[in-house]
Amino acid sequence: MPRKIIGSAFMTLDGVIQAPGGPNEDTTGGFANGGWVFRVWDEGVDAAIGDIFDRDYDLLLGRRTYDIFAAHWPYVEGPEAPMGEAFTRANKYVLTRGDQPLEWANSHRMAGVEDVAKVKAGEGPDIIIQGSGTIYPALLAAGLLDELTLMIMPITVGPGKGLFGPGTPAGMLELVRSTVTDKGTVIATYKPGGALPPVQEGAPEQSGSAREQERQRRMAEGTW
């Protein structure tokens, strides 16, 4: 059976994925609200994480998420230790343009999506992405993403890093399944759904008034 690449991300209602797990996880840009998932965590979120990771898997990570994981998961003790051990055992494919050492056991450098495509075509378990928002545009453009599960939490945190950035191709996503937890987290799984369809016939158009023409001119000039 072909390997799948399965994305997974926590997201706030205002579209932020930065530093969900801890206050000091990622403070770049002055982000001060890290650790927000644990303000609204509940059994439903715990079950969704179990569904994602209760299997054999490899990991695909952006470099910064790799740095966060490598500085945390090999050292955890207590209830988190089994997850740390599982992450250490898994192959970790790291998309990075840099040449910094990847010292965590079973880590492999990926220079670009071509390398990811070769790994996906090979033998092994499904490949899970956790966080790592910067890698999604290239994966979507290359048609390599099979599923994406978003855990959209009922919280806003202000400015922060989002999931999709420059280079994200236009396209449809098809909802595969969804549920809502007791505390209001929407857990929705999507798969790529092809190109954008044409605008439906009868959709409203802007009027051709002189005022609208002036607005269009200002918009084109960047003065609107």
# chains A, B, ... in the order shown; residues from 1 in each chain; ligands from 1
call {"tool": "residues_around", "arguments": {"residues": "Ala32 (chain A)", "least_positions_apart": "6", "cutoff": "9 Å", "atoms": "only C-alpha atoms", "output": "count of residues only"}}
result
4
call {"tool": "residues_around", "arguments": {"residues": "Val37 (chain A)", "least_positions_apart": "3", "cutoff": "6 Å", "atoms": "only C-alpha atoms", "output": "mmCIF file with N, CA, C and O atoms, in the first residue's frame"}}
result
data_model
loop_
_atom_site.group_PDB
_atom_site.id
_atom_site.type_symbol
_atom_site.label_atom_id
_atom_site.label_comp_id
_atom_site.auth_asym_id
_atom_site.auth_seq_id
_atom_site.Cartn_x
_atom_site.Cartn_y
_atom_site.Cartn_z
ATOM 1 N N PRO A 20 1.814 26.204 20.134
ATOM 2 C CA PRO A 20 0.644 25.694 20.843
ATOM 3 C C PRO A 20 0.992 25.007 22.154
ATOM 4 O O PRO A 20 0.181 24.986 23.083
ATOM 5 N N VAL A 40 -7.692 25.000 26.563
ATOM 6 C CA VAL A 40 -8.973 24.425 26.125
ATOM 7 C C VAL A 40 -8.864 22.929 25.828
ATOM 8 O O VAL A 40 -9.755 22.352 25.205
ATOM 9 N N TRP A 41 -7.791 22.293 26.255
ATOM 10 C CA TRP A 41 -7.610 20.852 26.019
ATOM 11 C C TRP A 41 -8.720 20.064 26.695
ATOM 12 O O TRP A 41 -9.170 20.402 27.782
#
call {"tool": "residues_around", "arguments": {"residues": "Arg63 (chain A)", "least_positions_apart": "6", "cutoff": "12 Å", "atoms": "only C-alpha atoms", "output": "compact mmCIF listing (two decimals) with N, CA, C and O atoms, in the first residue's frame"}}
result
# COMPACT_ATOMS: atom_id res chain seq x y z
N PHE A 69 11.24 20.02 18.69
CA PHE A 69 11.05 18.62 19.09
C PHE A 69 12.35 18.02 19.63
O PHE A 69 12.34 17.31 20.65
N ALA A 70 13.47 18.28 18.92
CA ALA A 70 14.74 17.65 19.29
C ALA A 70 15.25 18.15 20.64
O ALA A 70 16.01 17.44 21.31
N LYS A 92 12.80 10.70 11.06
CA LYS A 92 12.40 12.12 11.03
C LYS A 92 13.01 12.76 9.79
O LYS A 92 14.23 12.92 9.70
N TYR A 93 12.17 13.08 8.83
CA TYR A 93 12.60 13.71 7.59
C TYR A 93 12.44 15.21 7.75
O TYR A 93 11.35 15.71 7.99
N VAL A 94 13.55 15.93 7.62
CA VAL A 94 13.59 17.35 7.96
C VAL A 94 13.82 18.17 6.69
O VAL A 94 14.89 18.08 6.07
N LEU A 95 12.82 18.95 6.32
CA LEU A 95 12.96 19.84 5.17
C LEU A 95 13.71 21.10 5.61
O LEU A 95 13.20 21.88 6.42
N THR A 96 14.90 21.30 5.10
CA THR A 96 15.71 22.44 5.51
C THR A 96 16.67 22.83 4.40
O THR A 96 17.20 21.97 3.68
N ARG A 97 16.90 24.14 4.27
CA ARG A 97 17.89 24.64 3.32
C ARG A 97 19.26 24.78 3.98
O ARG A 97 20.24 25.06 3.31
N GLY A 98 19.32 24.62 5.29
CA GLY A 98 20.57 24.79 6.01
C GLY A 98 21.37 23.51 6.08
O GLY A 98 20.94 22.44 5.64
N ASP A 99 22.57 23.63 6.68
CA ASP A 99 23.44 22.47 6.82
C ASP A 99 23.77 22.17 8.28
O ASP A 99 24.77 21.53 8.59
N GLN A 100 22.93 22.66 9.19
CA GLN A 100 23.15 22.40 10.60
C GLN A 100 23.04 20.91 10.89
O GLN A 100 22.31 20.19 10.21
N PRO A 101 23.79 20.40 11.88
CA PRO A 101 23.72 18.97 12.19
C PRO A 101 22.33 18.58 12.70
O PRO A 101 21.68 19.35 13.40
N LEU A 102 21.91 17.40 12.31
CA LEU A 102 20.64 16.84 12.78
C LEU A 102 21.00 15.66 13.68
O LEU A 102 21.10 14.52 13.23
N SER A 107 17.35 10.93 12.18
CA SER A 107 16.99 12.17 11.48
C SER A 107 17.65 12.19 10.10
O SER A 107 18.81 11.80 9.95
N HIS A 108 16.91 12.69 9.11
CA HIS A 108 17.38 12.67 7.73
C HIS A 108 17.08 14.02 7.08
O HIS A 108 15.96 14.51 7.16
N ARG A 109 18.07 14.59 6.43
CA ARG A 109 17.92 15.88 5.79
C ARG A 109 17.22 15.75 4.45
O ARG A 109 17.58 14.90 3.62
N MET A 110 16.23 16.61 4.21
CA MET A 110 15.53 16.69 2.93
C MET A 110 15.77 18.07 2.35
O MET A 110 15.39 19.08 2.95
N ALA A 111 16.39 18.13 1.18
CA ALA A 111 16.71 19.42 0.58
C ALA A 111 15.50 20.07 -0.09
O ALA A 111 15.47 21.29 -0.26
N GLN A 130 3.58 17.28 12.03
CA GLN A 130 2.98 17.95 13.18
C GLN A 130 3.48 19.39 13.17
O GLN A 130 4.69 19.64 13.17
N GLY A 131 2.54 20.35 13.14
CA GLY A 131 2.96 21.75 13.02
C GLY A 131 3.60 21.98 11.66
O GLY A 131 3.06 21.61 10.63
N SER A 132 4.80 22.62 11.67
CA SER A 132 5.62 22.76 10.46
C SER A 132 4.86 23.44 9.33
O SER A 132 4.85 22.97 8.18
N GLY A 133 4.23 24.57 9.63
CA GLY A 133 3.38 25.23 8.65
C GLY A 133 4.08 25.65 7.39
O GLY A 133 3.47 25.71 6.32
N THR A 134 5.38 25.94 7.45
CA THR A 134 6.07 26.46 6.26
C THR A 134 6.19 25.45 5.14
O THR A 134 6.44 25.83 4.00
N ILE A 135 6.00 24.17 5.42
CA ILE A 135 6.22 23.17 4.37
C ILE A 135 4.96 22.86 3.56
O ILE A 135 5.04 22.22 2.51
call {"tool": "select_by_dssp", "arguments": {"residues": "chain A", "states": "strand (DSSP E or B)", "output": "VMD selection string"}}
result
chain A and resid 5 to 12 16 58 to 62 92 to 95 107 to 110 127 to 130 147 to 153 162 173 to 180 186 to 192
call {"tool": "atom_distance", "arguments": {"atom1": "CA of His72 (chain A)", "atom2": "CA of Gly84 (chain A)"}}
result
8.2 Å
call {"tool": "closest_residue", "arguments": {"among": "A:Val186, A:Ala203, A:Ala47, A:Met219", "to": "Pro154 (chain A)", "atoms": "only C-alpha atoms"}}
result
A:Val186
call {"tool": "closest_residue", "arguments": {"among": "A:Pro159, A:Lys120, A:Ala48, A:Arg89", "to": "Thr28 (chain A)", "atoms": "only C-alpha atoms"}}
result
A:Pro159
call {"tool": "atom_distance", "arguments": {"atom1": "CA of Ile128 (chain A)", "atom2": "CA of Phe87 (chain A)"}}
result
10.9 Å
call {"tool": "residues_around", "arguments": {"residues": "Thr179 (chain A)", "least_positions_apart": "5", "cutoff": "9 Å", "atoms": "only C-alpha atoms", "output": "list in words"}}
result
Gly44, Thr185, Val186, Ile187 and Ala188 of chain A
call {"tool": "write_last_selection", "arguments": {"atoms": "N, CA and C atoms", "output": "PDB file, in the first residue's frame"}}
result
ATOM      1  N   GLY A  44     -11.659  15.002  24.060  1.00  0.00           N
ATOM      2  CA  GLY A  44     -11.837  14.860  22.623  1.00  0.00           C
ATOM      3  C   GLY A  44     -10.568  15.160  21.849  1.00  0.00           C
ATOM      4  N   THR A 185     -13.651  22.439  20.455  1.00  0.00           N
ATOM      5  CA  THR A 185     -12.642  22.308  19.406  1.00  0.00           C
ATOM      6  C   THR A 185     -13.239  21.558  18.225  1.00  0.00           C
ATOM      7  N   VAL A 186     -13.116  22.147  17.044  1.00  0.00           N
ATOM      8  CA  VAL A 186     -13.561  21.498  15.806  1.00  0.00           C
ATOM      9  C   VAL A 186     -12.390  20.697  15.245  1.00  0.00           C
ATOM     10  N   ILE A 187     -12.588  19.400  15.121  1.00  0.00           N
ATOM     11  CA  ILE A 187     -11.555  18.526  14.565  1.00  0.00           C
ATOM     12  C   ILE A 187     -12.035  18.106  13.187  1.00  0.00           C
ATOM     13  N   ALA A 188     -11.366  18.611  12.164  1.00  0.00           N
ATOM     14  CA  ALA A 188     -11.811  18.401  10.789  1.00  0.00           C
ATOM     15  C   ALA A 188     -10.667  17.847   9.954  1.00  0.00           C
TER      16      ALA A 188
END
call {"tool": "atom_distance", "arguments": {"atom1": "CA of Thr149 (chain A)", "atom2": "CA of Phe10 (chain A)"}}
result
8.7 Å
call {"tool": "residues_around", "arguments": {"residues": "Val113 (chain A)", "least_positions_apart": "2", "cutoff": "10 Å", "atoms": "only C-alpha atoms", "output": "ChimeraX atom specification"}}
result
/A:95,110-111,115-119,135,138-139,141-142,144
call {"tool": "closest_residue", "arguments": {"among": "A:Ala9, A:Leu59, A:Met1, A:Ile17", "to": "Gly158 (chain A)", "atoms": "only C-alpha atoms"}}
result
A:Ile17
call {"tool": "select_by_dssp", "arguments": {"residues": "region 12-151 of chain A", "states": "alpha helix (DSSP H)", "output": "number ranges by chain"}}
result
A: 37-40, 43-53, 63-70, 81-89, 113-121, 136-142
call {"tool": "closest_residue", "arguments": {"among": "A:Ala210, A:Val76, A:Met172, A:Gly21", "to": "Pro198 (chain A)", "atoms": "only C-alpha atoms"}}
result
A:Met172
